[in-house]
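K.L.:
My questions all concern the structure below.
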Amino acid sequence: MSLHRILGPTATACIAASLAILLLPSPLRASDAQASKTRQDSVAIVADMRRVVTDHGVERLEKVRIGGIDQWVSIRGSDRRNPVLLMLHGGPGWVSMPTSWYFQRGWEEFFTVVQWDQRGAGKTYASHDPDEIAPTMTRERMVADALEMVAWLRTTFSQDRIFVLGQSWGSYLGLEVARQRPQWLHAYIGVGQISNAPESERRGWAWTLAQARQDGNTEAVDELTALQPYAPGTAPVPLEALFKQRKWLNHYGGMVHNRRGGQAEAAALWLAPEYSDADLAAVWAGNDYSMTHLLSGVLTLDMTTIRELKTPLFLFLGRHDHNVSSELAADWFATVDAPCKELVWFEQSAHEVMNEEPGKMLLTLVTRVRPMATGAEGPGPSAPRCRRD
C-alpha cells in the first residue's frame, strides 16, 4: 500500500517537503555571498567542481625540464588510459591553461589533456629571469621544446603516439611536430591554422578597412589607410602597425565573432585554479615578452610549402576568422596530401573556436578525432576514421 494512501495527501506532502529541505544545500547567507566575491573563494569553487575524482583519473600541475629550463604543465583526465592530447597555445605567449577550466572539462572524459605554458609565457615566464632566457627565444628553440614535450609525454604515459592540437601560433609548432615526427602522432589538429602569414595579414587589413568604411568610422579608416602599404612582400610587419590593425580587426569581430575583442576570455583568467596571484600578474608581461621576441618573424612564415604530411590532419576553422585567415588555411588544406584529412567549419566562430563553440569542439574531438587512436582503452564511442580524399 502506498505512503500516500496510509498517511493521506497532507502528511505525504509535508514529508516530501522535509526531505527536500534535508537533501538540498542551504542558500548562501549574505556574508557567504560577499566572501565568494574574492578571487580565492571563486577559484576554489571552480577547482572543486572540476576536481578529478574518477578511479583511474589524473590531475597534475608540475614543472617539467624541457629545453634546459623548467616549464609548467597541467595534466588532467578521467582515465589515464585514454589517449593523450597536447594543446599548444597561441600568441606567441597567449596561454590557454588559465582558461581551460571553461572549455576543456568535457575533453577530459575522453583524453588525458595537457596544457603547457611555453618558454616565455604564463607560469613558465613567471618562474625565470626573462633576461636569462631571452637568447633562447627563437622559433627553432620553440619547435625543439615542442618535440621534447611530445617525447616526454610518450614516455610518461607509455603511449607510442599522442594527439597534438595547435592553436594560432601553436599551429606553427604543431605543424612542425607533425612534419618532423609523424610517427609520434595519432593525428595533428590545427585550430586557427597559420598558412601564408603575410597574405593573411593583408587580407585581414583589407577586411577590417572594408568594415570600417561600411560603418562610417572615420577614425578607423584614417588609422588603417595610414598603414599602407600594409604587410608588403614577406618583410616582417612592425609591431606598432600590427597592433593598430588588430585593434580595429578585433573591434569588428575578426578575432571573436560578434564580439569586440577578447575581453571575455581575458577576464576568465581571473578564475584560473592553476594560477597564483603572482602568475596572473605576469601573464601580460609574458605575452608582451613572447610577442616582442617571436611575433614579427612568425608573420613572415609561408607554411603552404608543406604539401605532404605522413600523419592524419584535421583543421578546425572559424568561418569568421580574419585574425589568421581561415580562407587561406582552407585553400592550403586542399593542396595537402595526408593519410587522411578532414576540415571542419565552425560557422559561429572566428579565431577562438574552443571558446566560441565549445560544444561542437567537444563533439568533433570525440567523434572524429579520438577514433584515430585505434586500440585506445578507456571510455569513448566508436566512429569512422577521418574521411579520406
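Starting from 1 in every chain, residues are counted up; chains themselves are A, B, ... following the order of the C-alpha cells, and ligands are numbered from 1 as listed.
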Skip region 164-166 of chain A itself and residues of its chain fewer than 6 positions away, then list as a list in words all residues within 8 Å of it, counting only C-alpha atoms.
P.N.:
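Close residues of region 164-166 of chain A: Leu85, Leu86, Met87, Leu88, His89, Gly90, Tyr172, Leu173, Gly174, Leu175, Leu185, Ala187, Tyr188, Ile189, Gly190, Val191 and Gln193 of chain A.
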K.L.:
Can you tell me, as a count of residues only, which residues in region 269-361 of chain A count as alpha helix (DSSP H) by DSSP?
P.N.:
40
K.L.:
Write down as a JSON list (two decimals) with all heavy atoms, in the first residue's frame the residues belonging to region 101-281 of chain A that are assigned strand (DSSP E or B) by DSSP computed on the backbone.
P.N.:
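Here's the written file states10.json:
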[["chain", "number", "residue", "atom", "x", "y", "z"],
["A", 112, "THR", "N", 43.49, 12.38, -22.04],
["A", 112, "THR", "CA", 44.31, 12.98, -21.00],
["A", 112, "THR", "C", 44.87, 14.26, -21.61],
["A", 112, "THR", "O", 45.69, 14.23, -22.52],
["A", 112, "THR", "CB", 45.45, 12.03, -20.58],
["A", 112, "THR", "OG1", 44.88, 10.84, -20.01],
["A", 112, "THR", "CG2", 46.36, 12.70, -19.56],
["A", 113, "VAL", "N", 44.39, 15.41, -21.11],
["A", 113, "VAL", "CA", 44.65, 16.70, -21.75],
["A", 113, "VAL", "C", 45.81, 17.40, -21.07],
["A", 113, "VAL", "O", 45.84, 17.55, -19.84],
["A", 113, "VAL", "CB", 43.40, 17.59, -21.72],
["A", 113, "VAL", "CG1", 43.65, 18.86, -22.54],
["A", 113, "VAL", "CG2", 42.19, 16.85, -22.27],
["A", 114, "VAL", "N", 46.75, 17.86, -21.88],
["A", 114, "VAL", "CA", 47.94, 18.53, -21.37],
["A", 114, "VAL", "C", 47.95, 19.97, -21.86],
["A", 114, "VAL", "O", 47.92, 20.22, -23.07],
["A", 114, "VAL", "CB", 49.23, 17.81, -21.83],
["A", 114, "VAL", "CG1", 50.46, 18.51, -21.25],
["A", 114, "VAL", "CG2", 49.19, 16.34, -21.42],
["A", 115, "GLN", "N", 47.95, 20.90, -20.91],
["A", 115, "GLN", "CA", 48.17, 22.31, -21.20],
["A", 115, "GLN", "C", 49.60, 22.65, -20.79],
["A", 115, "GLN", "O", 50.03, 22.29, -19.70],
["A", 115, "GLN", "CB", 47.18, 23.19, -20.44],
["A", 115, "GLN", "CG", 45.73, 23.03, -20.86],
["A", 115, "GLN", "CD", 45.45, 23.63, -22.22],
["A", 115, "GLN", "OE1", 46.27, 24.38, -22.78],
["A", 115, "GLN", "NE2", 44.28, 23.31, -22.77],
["A", 116, "TRP", "N", 50.28, 23.36, -21.65],
["A", 116, "TRP", "CA", 51.71, 23.65, -21.43],
["A", 116, "TRP", "C", 51.95, 25.14, -21.61],
["A", 116, "TRP", "O", 51.66, 25.70, -22.67],
["A", 116, "TRP", "CB", 52.53, 22.82, -22.42],
["A", 116, "TRP", "CG", 53.95, 23.25, -22.62],
["A", 116, "TRP", "CD1", 54.83, 23.74, -21.70],
["A", 116, "TRP", "CD2", 54.67, 23.22, -23.87],
["A", 116, "TRP", "NE1", 56.05, 24.01, -22.28],
["A", 116, "TRP", "CE2", 55.97, 23.70, -23.61],
["A", 116, "TRP", "CE3", 54.35, 22.82, -25.16],
["A", 116, "TRP", "CZ2", 56.94, 23.80, -24.61],
["A", 116, "TRP", "CZ3", 55.30, 22.92, -26.15],
["A", 116, "TRP", "CH2", 56.59, 23.40, -25.87],
["A", 162, "ILE", "N", 50.57, 10.24, -29.62],
["A", 162, "ILE", "CA", 49.64, 11.12, -28.94],
["A", 162, "ILE", "C", 48.97, 12.02, -29.97],
["A", 162, "ILE", "O", 49.33, 12.00, -31.16],
["A", 162, "ILE", "CB", 50.33, 11.97, -27.85],
["A", 162, "ILE", "CG1", 51.19, 13.07, -28.48],
["A", 162, "ILE", "CG2", 51.15, 11.11, -26.91],
["A", 162, "ILE", "CD1", 51.66, 14.13, -27.50],
["A", 163, "PHE", "N", 47.99, 12.80, -29.54],
["A", 163, "PHE", "CA", 47.39, 13.84, -30.37],
["A", 163, "PHE", "C", 48.05, 15.17, -30.04],
["A", 163, "PHE", "O", 48.31, 15.46, -28.87],
["A", 163, "PHE", "CB", 45.89, 13.96, -30.12],
["A", 163, "PHE", "CG", 45.08, 12.80, -30.62],
["A", 163, "PHE", "CD1", 44.59, 11.85, -29.74],
["A", 163, "PHE", "CD2", 44.79, 12.67, -31.97],
["A", 163, "PHE", "CE1", 43.83, 10.78, -30.18],
["A", 163, "PHE", "CE2", 44.04, 11.61, -32.44],
["A", 163, "PHE", "CZ", 43.55, 10.65, -31.54],
["A", 164, "VAL", "N", 48.29, 15.99, -31.07],
["A", 164, "VAL", "CA", 48.77, 17.36, -30.86],
["A", 164, "VAL", "C", 47.77, 18.31, -31.50],
["A", 164, "VAL", "O", 47.42, 18.16, -32.68],
["A", 164, "VAL", "CB", 50.17, 17.57, -31.47],
["A", 164, "VAL", "CG1", 50.51, 19.06, -31.54],
["A", 164, "VAL", "CG2", 51.22, 16.83, -30.64],
["A", 165, "LEU", "N", 47.30, 19.28, -30.70],
["A", 165, "LEU", "CA", 46.39, 20.31, -31.18],
["A", 165, "LEU", "C", 47.11, 21.66, -31.06],
["A", 165, "LEU", "O", 47.51, 22.06, -29.96],
["A", 165, "LEU", "CB", 45.11, 20.31, -30.34],
["A", 165, "LEU", "CG", 43.97, 21.24, -30.75],
["A", 165, "LEU", "CD1", 42.64, 20.71, -30.23],
["A", 165, "LEU", "CD2", 44.17, 22.67, -30.25],
["A", 166, "GLY", "N", 47.28, 22.33, -32.19],
["A", 166, "GLY", "CA", 47.95, 23.62, -32.20],
["A", 166, "GLY", "C", 46.97, 24.72, -32.56],
["A", 166, "GLY", "O", 46.26, 24.61, -33.56],
["A", 167, "GLN", "N", 46.93, 25.78, -31.72],
["A", 167, "GLN", "CA", 46.01, 26.89, -31.98],
["A", 167, "GLN", "C", 46.81, 28.16, -32.29],
["A", 167, "GLN", "O", 47.68, 28.56, -31.53],
["A", 167, "GLN", "CB", 45.11, 27.11, -30.76],
["A", 167, "GLN", "CG", 43.87, 27.95, -31.04],
["A", 167, "GLN", "CD", 44.03, 29.42, -30.75],
["A", 167, "GLN", "OE1", 44.87, 29.82, -29.96],
["A", 167, "GLN", "NE2", 43.21, 30.25, -31.38],
["A", 185, "LEU", "N", 52.56, 10.71, -33.65],
["A", 185, "LEU", "CA", 51.21, 11.27, -33.54],
["A", 185, "LEU", "C", 50.13, 10.32, -34.05],
["A", 185, "LEU", "O", 50.31, 9.65, -35.07],
["A", 185, "LEU", "CB", 51.11, 12.58, -34.33],
["A", 185, "LEU", "CG", 52.12, 13.69, -34.01],
["A", 185, "LEU", "CD1", 51.78, 14.94, -34.81],
["A", 185, "LEU", "CD2", 52.19, 13.99, -32.53],
["A", 186, "HIS", "N", 49.00, 10.33, -33.34],
["A", 186, "HIS", "CA", 47.77, 9.74, -33.92],
["A", 186, "HIS", "C", 47.25, 10.64, -35.02],
["A", 186, "HIS", "O", 46.78, 10.17, -36.06],
["A", 186, "HIS", "CB", 46.68, 9.62, -32.84],
["A", 186, "HIS", "CG", 46.97, 8.65, -31.76],
["A", 186, "HIS", "ND1", 47.20, 7.32, -31.99],
["A", 186, "HIS", "CD2", 47.03, 8.83, -30.40],
["A", 186, "HIS", "CE1", 47.40, 6.69, -30.82],
["A", 186, "HIS", "NE2", 47.31, 7.59, -29.86],
["A", 187, "ALA", "N", 47.30, 11.96, -34.77],
["A", 187, "ALA", "CA", 46.84, 12.95, -35.74],
["A", 187, "ALA", "C", 47.29, 14.33, -35.26],
["A", 187, "ALA", "O", 47.58, 14.53, -34.08],
["A", 187, "ALA", "CB", 45.32, 12.92, -35.90],
["A", 188, "TYR", "N", 47.31, 15.26, -36.20],
["A", 188, "TYR", "CA", 47.54, 16.66, -35.87],
["A", 188, "TYR", "C", 46.25, 17.43, -36.10],
["A", 188, "TYR", "O", 45.59, 17.26, -37.14],
["A", 188, "TYR", "CB", 48.67, 17.26, -36.72],
["A", 188, "TYR", "CG", 48.69, 18.77, -36.64],
["A", 188, "TYR", "CD1", 48.98, 19.41, -35.43],
["A", 188, "TYR", "CD2", 48.34, 19.55, -37.74],
["A", 188, "TYR", "CE1", 48.93, 20.79, -35.33],
["A", 188, "TYR", "CE2", 48.32, 20.93, -37.65],
["A", 188, "TYR", "CZ", 48.61, 21.55, -36.44],
["A", 188, "TYR", "OH", 48.56, 22.90, -36.32],
["A", 189, "ILE", "N", 45.88, 18.30, -35.14],
["A", 189, "ILE", "CA", 44.67, 19.11, -35.24],
["A", 189, "ILE", "C", 45.09, 20.57, -35.24],
["A", 189, "ILE", "O", 45.67, 21.06, -34.27],
["A", 189, "ILE", "CB", 43.71, 18.86, -34.06],
["A", 189, "ILE", "CG1", 43.45, 17.36, -33.88],
["A", 189, "ILE", "CG2", 42.40, 19.61, -34.24],
["A", 189, "ILE", "CD1", 44.04, 16.78, -32.62],
["A", 190, "GLY", "N", 44.81, 21.28, -36.33],
["A", 190, "GLY", "CA", 45.13, 22.70, -36.43],
["A", 190, "GLY", "C", 43.89, 23.54, -36.20],
["A", 190, "GLY", "O", 42.85, 23.34, -36.86],
["A", 191, "VAL", "N", 43.97, 24.50, -35.27],
["A", 191, "VAL", "CA", 42.86, 25.40, -34.96],
["A", 191, "VAL", "C", 43.35, 26.83, -35.17],
["A", 191, "VAL", "O", 44.35, 27.23, -34.59],
["A", 191, "VAL", "CB", 42.38, 25.21, -33.50],
["A", 191, "VAL", "CG1", 41.21, 26.13, -33.19],
["A", 191, "VAL", "CG2", 42.01, 23.76, -33.23],
["A", 196, "ASN", "N", 49.67, 30.99, -45.08],
["A", 196, "ASN", "CA", 50.52, 32.04, -45.65],
["A", 196, "ASN", "C", 50.32, 33.29, -44.79],
["A", 196, "ASN", "O", 49.37, 34.05, -45.01],
["A", 196, "ASN", "CB", 50.12, 32.28, -47.11],
["A", 196, "ASN", "CG", 51.03, 33.28, -47.81],
["A", 196, "ASN", "OD1", 51.57, 34.19, -47.17],
["A", 196, "ASN", "ND2", 51.19, 33.12, -49.11]]
K.L.:
Would you mind listing what lies within 12 Å of Phe243 (chain A) as a ChimeraX atom specification, with only C-alpha atoms counted and same-chain residues fewer than 3 positions away left out?
P.N.:
/A:201,205,223-224,227,237-240,246-250,288,291-292,295-296,323
K.L.:
Taking 6 positions as the minimum chain separation for residues in the same chain, which residues sit within 8 Å of region 262-268 of chain A when counting only C-alpha atoms? Answer as a PDB file with all heavy atoms, in the first residue's frame.
P.N.:
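File out.pdb, as written:
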ATOM      1  N   PRO A  98      45.059  28.940 -18.311  1.00  0.00           N
ATOM      2  CA  PRO A  98      44.186  29.609 -17.346  1.00  0.00           C
ATOM      3  C   PRO A  98      42.740  29.784 -17.792  1.00  0.00           C
ATOM      4  O   PRO A  98      41.906  30.191 -16.983  1.00  0.00           O
ATOM      5  CB  PRO A  98      44.868  30.969 -17.136  1.00  0.00           C
ATOM      6  CG  PRO A  98      45.677  31.186 -18.354  1.00  0.00           C
ATOM      7  CD  PRO A  98      46.118  29.833 -18.801  1.00  0.00           C
ATOM      8  N   THR A  99      42.410  29.494 -19.050  1.00  0.00           N
ATOM      9  CA  THR A  99      41.002  29.490 -19.459  1.00  0.00           C
ATOM     10  C   THR A  99      40.493  28.085 -19.754  1.00  0.00           C
ATOM     11  O   THR A  99      39.332  27.909 -20.111  1.00  0.00           O
ATOM     12  CB  THR A  99      40.784  30.377 -20.703  1.00  0.00           C
ATOM     13  OG1 THR A  99      41.678  29.962 -21.745  1.00  0.00           O
ATOM     14  CG2 THR A  99      41.006  31.842 -20.379  1.00  0.00           C
ATOM     15  N   ASN A 250      39.846  43.395 -34.252  1.00  0.00           N
ATOM     16  CA  ASN A 250      39.157  42.863 -33.084  1.00  0.00           C
ATOM     17  C   ASN A 250      37.841  43.596 -32.834  1.00  0.00           C
ATOM     18  O   ASN A 250      36.828  42.980 -32.459  1.00  0.00           O
ATOM     19  CB  ASN A 250      40.046  42.979 -31.841  1.00  0.00           C
ATOM     20  CG  ASN A 250      41.282  42.108 -31.924  1.00  0.00           C
ATOM     21  OD1 ASN A 250      41.414  41.275 -32.810  1.00  0.00           O
ATOM     22  ND2 ASN A 250      42.213  42.316 -31.006  1.00  0.00           N
ATOM     23  N   MET A 255      38.388  38.573 -34.541  1.00  0.00           N
ATOM     24  CA  MET A 255      39.018  37.602 -33.646  1.00  0.00           C
ATOM     25  C   MET A 255      37.980  36.758 -32.928  1.00  0.00           C
ATOM     26  O   MET A 255      38.117  35.536 -32.842  1.00  0.00           O
ATOM     27  CB  MET A 255      39.905  38.298 -32.617  1.00  0.00           C
ATOM     28  CG  MET A 255      40.651  37.307 -31.717  1.00  0.00           C
ATOM     29  SD  MET A 255      41.740  38.070 -30.497  1.00  0.00           S
ATOM     30  CE  MET A 255      40.540  38.583 -29.275  1.00  0.00           C
ATOM     31  N   VAL A 256      36.932  37.377 -32.399  1.00  0.00           N
ATOM     32  CA  VAL A 256      35.830  36.661 -31.756  1.00  0.00           C
ATOM     33  C   VAL A 256      34.545  37.119 -32.428  1.00  0.00           C
ATOM     34  O   VAL A 256      34.209  38.299 -32.387  1.00  0.00           O
ATOM     35  CB  VAL A 256      35.777  36.942 -30.235  1.00  0.00           C
ATOM     36  CG1 VAL A 256      34.676  36.108 -29.585  1.00  0.00           C
ATOM     37  CG2 VAL A 256      37.117  36.636 -29.582  1.00  0.00           C
ATOM     38  N   ASN A 355      36.515  28.431 -27.426  1.00  0.00           N
ATOM     39  CA  ASN A 355      35.704  29.246 -26.529  1.00  0.00           C
ATOM     40  C   ASN A 355      34.378  29.654 -27.155  1.00  0.00           C
ATOM     41  O   ASN A 355      33.385  29.823 -26.439  1.00  0.00           O
ATOM     42  CB  ASN A 355      36.473  30.514 -26.129  1.00  0.00           C
ATOM     43  CG  ASN A 355      37.609  30.218 -25.176  1.00  0.00           C
ATOM     44  OD1 ASN A 355      37.430  29.615 -24.137  1.00  0.00           O
ATOM     45  ND2 ASN A 355      38.816  30.643 -25.550  1.00  0.00           N
TER      46      ASN A 355
END
K.L.:
Compile the contact shell of Leu269 (chain A) as a ChimeraX atom specification: residues with an atom at most 12 Å away, counting only C-alpha atoms, same-chain residues fewer than 4 positions apart removed.
P.N.:
/A:39,42-43,46,94-102,122,262-265,273-277,279-284
K.L.:
Just checking: using only C-alpha atoms, which residue out of A:His257, A:Arg181, A:Arg119, A:Arg161 ends up closest to Tyr289 (chain A)?
P.N.:
A:Arg119
K.L.:
From the list A:Leu209, A:Ser168, A:Gln71, A:Met137, which residue is nearest Met354 (chain A) when using only C-alpha atoms?
P.N.:
A:Ser168
K.L.:
Nearest residue to Gly91 (chain A) out of A:Gly120, A:Pro229, A:Pro198, A:Pro135, using only C-alpha atoms?
P.N.:
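Ranked by minimum distance to Gly91 (chain A), first place goes to A:Gly120.
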K.L.:
Looking at only C-alpha atoms, which of A:Leu315, A:Ala350, A:Cys340, A:Ala334 is the one that sits closest to Arg259 (chain A)?
P.N.:
A:Ala350
K.L.:
Write out as a PDB file with N, CA and C atoms, in the first residue's frame which residues come within 8 Å of Ala146 (chain A) when counting only C-alpha atoms, dropping same-chain ones fewer than 3 positions away.
P.N.:
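So out07.pdb came out as:
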ATOM      1  N   MET A 142      61.769  26.948 -29.885  1.00  0.00           N
ATOM      2  CA  MET A 142      60.387  26.653 -29.524  1.00  0.00           C
ATOM      3  C   MET A 142      59.912  25.349 -30.175  1.00  0.00           C
ATOM      4  N   VAL A 143      60.313  25.133 -31.416  1.00  0.00           N
ATOM      5  CA  VAL A 143      59.973  23.857 -32.069  1.00  0.00           C
ATOM      6  C   VAL A 143      60.651  22.706 -31.342  1.00  0.00           C
ATOM      7  N   MET A 149      58.635  18.025 -25.497  1.00  0.00           N
ATOM      8  CA  MET A 149      57.421  17.826 -24.710  1.00  0.00           C
ATOM      9  C   MET A 149      56.651  16.592 -25.182  1.00  0.00           C
ATOM     10  N   VAL A 150      56.529  16.434 -26.485  1.00  0.00           N
ATOM     11  CA  VAL A 150      55.845  15.251 -27.017  1.00  0.00           C
ATOM     12  C   VAL A 150      56.593  13.980 -26.605  1.00  0.00           C
ATOM     13  N   LEU A 173      53.911  25.520 -34.422  1.00  0.00           N
ATOM     14  CA  LEU A 173      54.667  24.497 -33.696  1.00  0.00           C
ATOM     15  C   LEU A 173      54.113  23.108 -33.982  1.00  0.00           C
ATOM     16  N   GLY A 174      52.785  22.987 -33.927  1.00  0.00           N
ATOM     17  CA  GLY A 174      52.168  21.676 -34.125  1.00  0.00           C
ATOM     18  C   GLY A 174      52.408  21.118 -35.508  1.00  0.00           C
ATOM     19  N   VAL A 177      55.874  19.755 -35.635  1.00  0.00           N
ATOM     20  CA  VAL A 177      55.944  18.441 -34.980  1.00  0.00           C
ATOM     21  C   VAL A 177      55.399  17.369 -35.917  1.00  0.00           C
TER      22      VAL A 177
END
K.L.:
Please report the interatomic distance between CA of Glu357 (chain A) and CA of Gly253 (chain A) in Å with one decimal.
P.N.:
15.0 Å
K.L.:
What's around region 153-159 of chain A at 8 Å? Count only C-alpha atoms, leave out sequence neighbours fewer than 5 positions away in its own chain, and write the answer as a PyMOL selection string.
P.N.:
chain A and resi 80+83-84+184
K.L.:
How many Å lie between CA of Gln214 (chain A) and CA of Leu299 (chain A), rounded to one decimal?
P.N.:
27.5 Å
K.L.:
Using only C-alpha atoms, find the one residue out of A:Pro182, A:Tyr252, A:Thr54, A:Gly170 that sits nearest to Ala210 (chain A).
P.N.:
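Looking at the shortest contact to Ala210 (chain A), the residue is A:Tyr252.
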K.L.:
Restricting the calculation to only C-alpha atoms, which member of A:Ala126, A:Met372, A:Ala47, A:Leu362 is positioned closest to Ala278 (chain A)?
P.N.:
A:Ala126
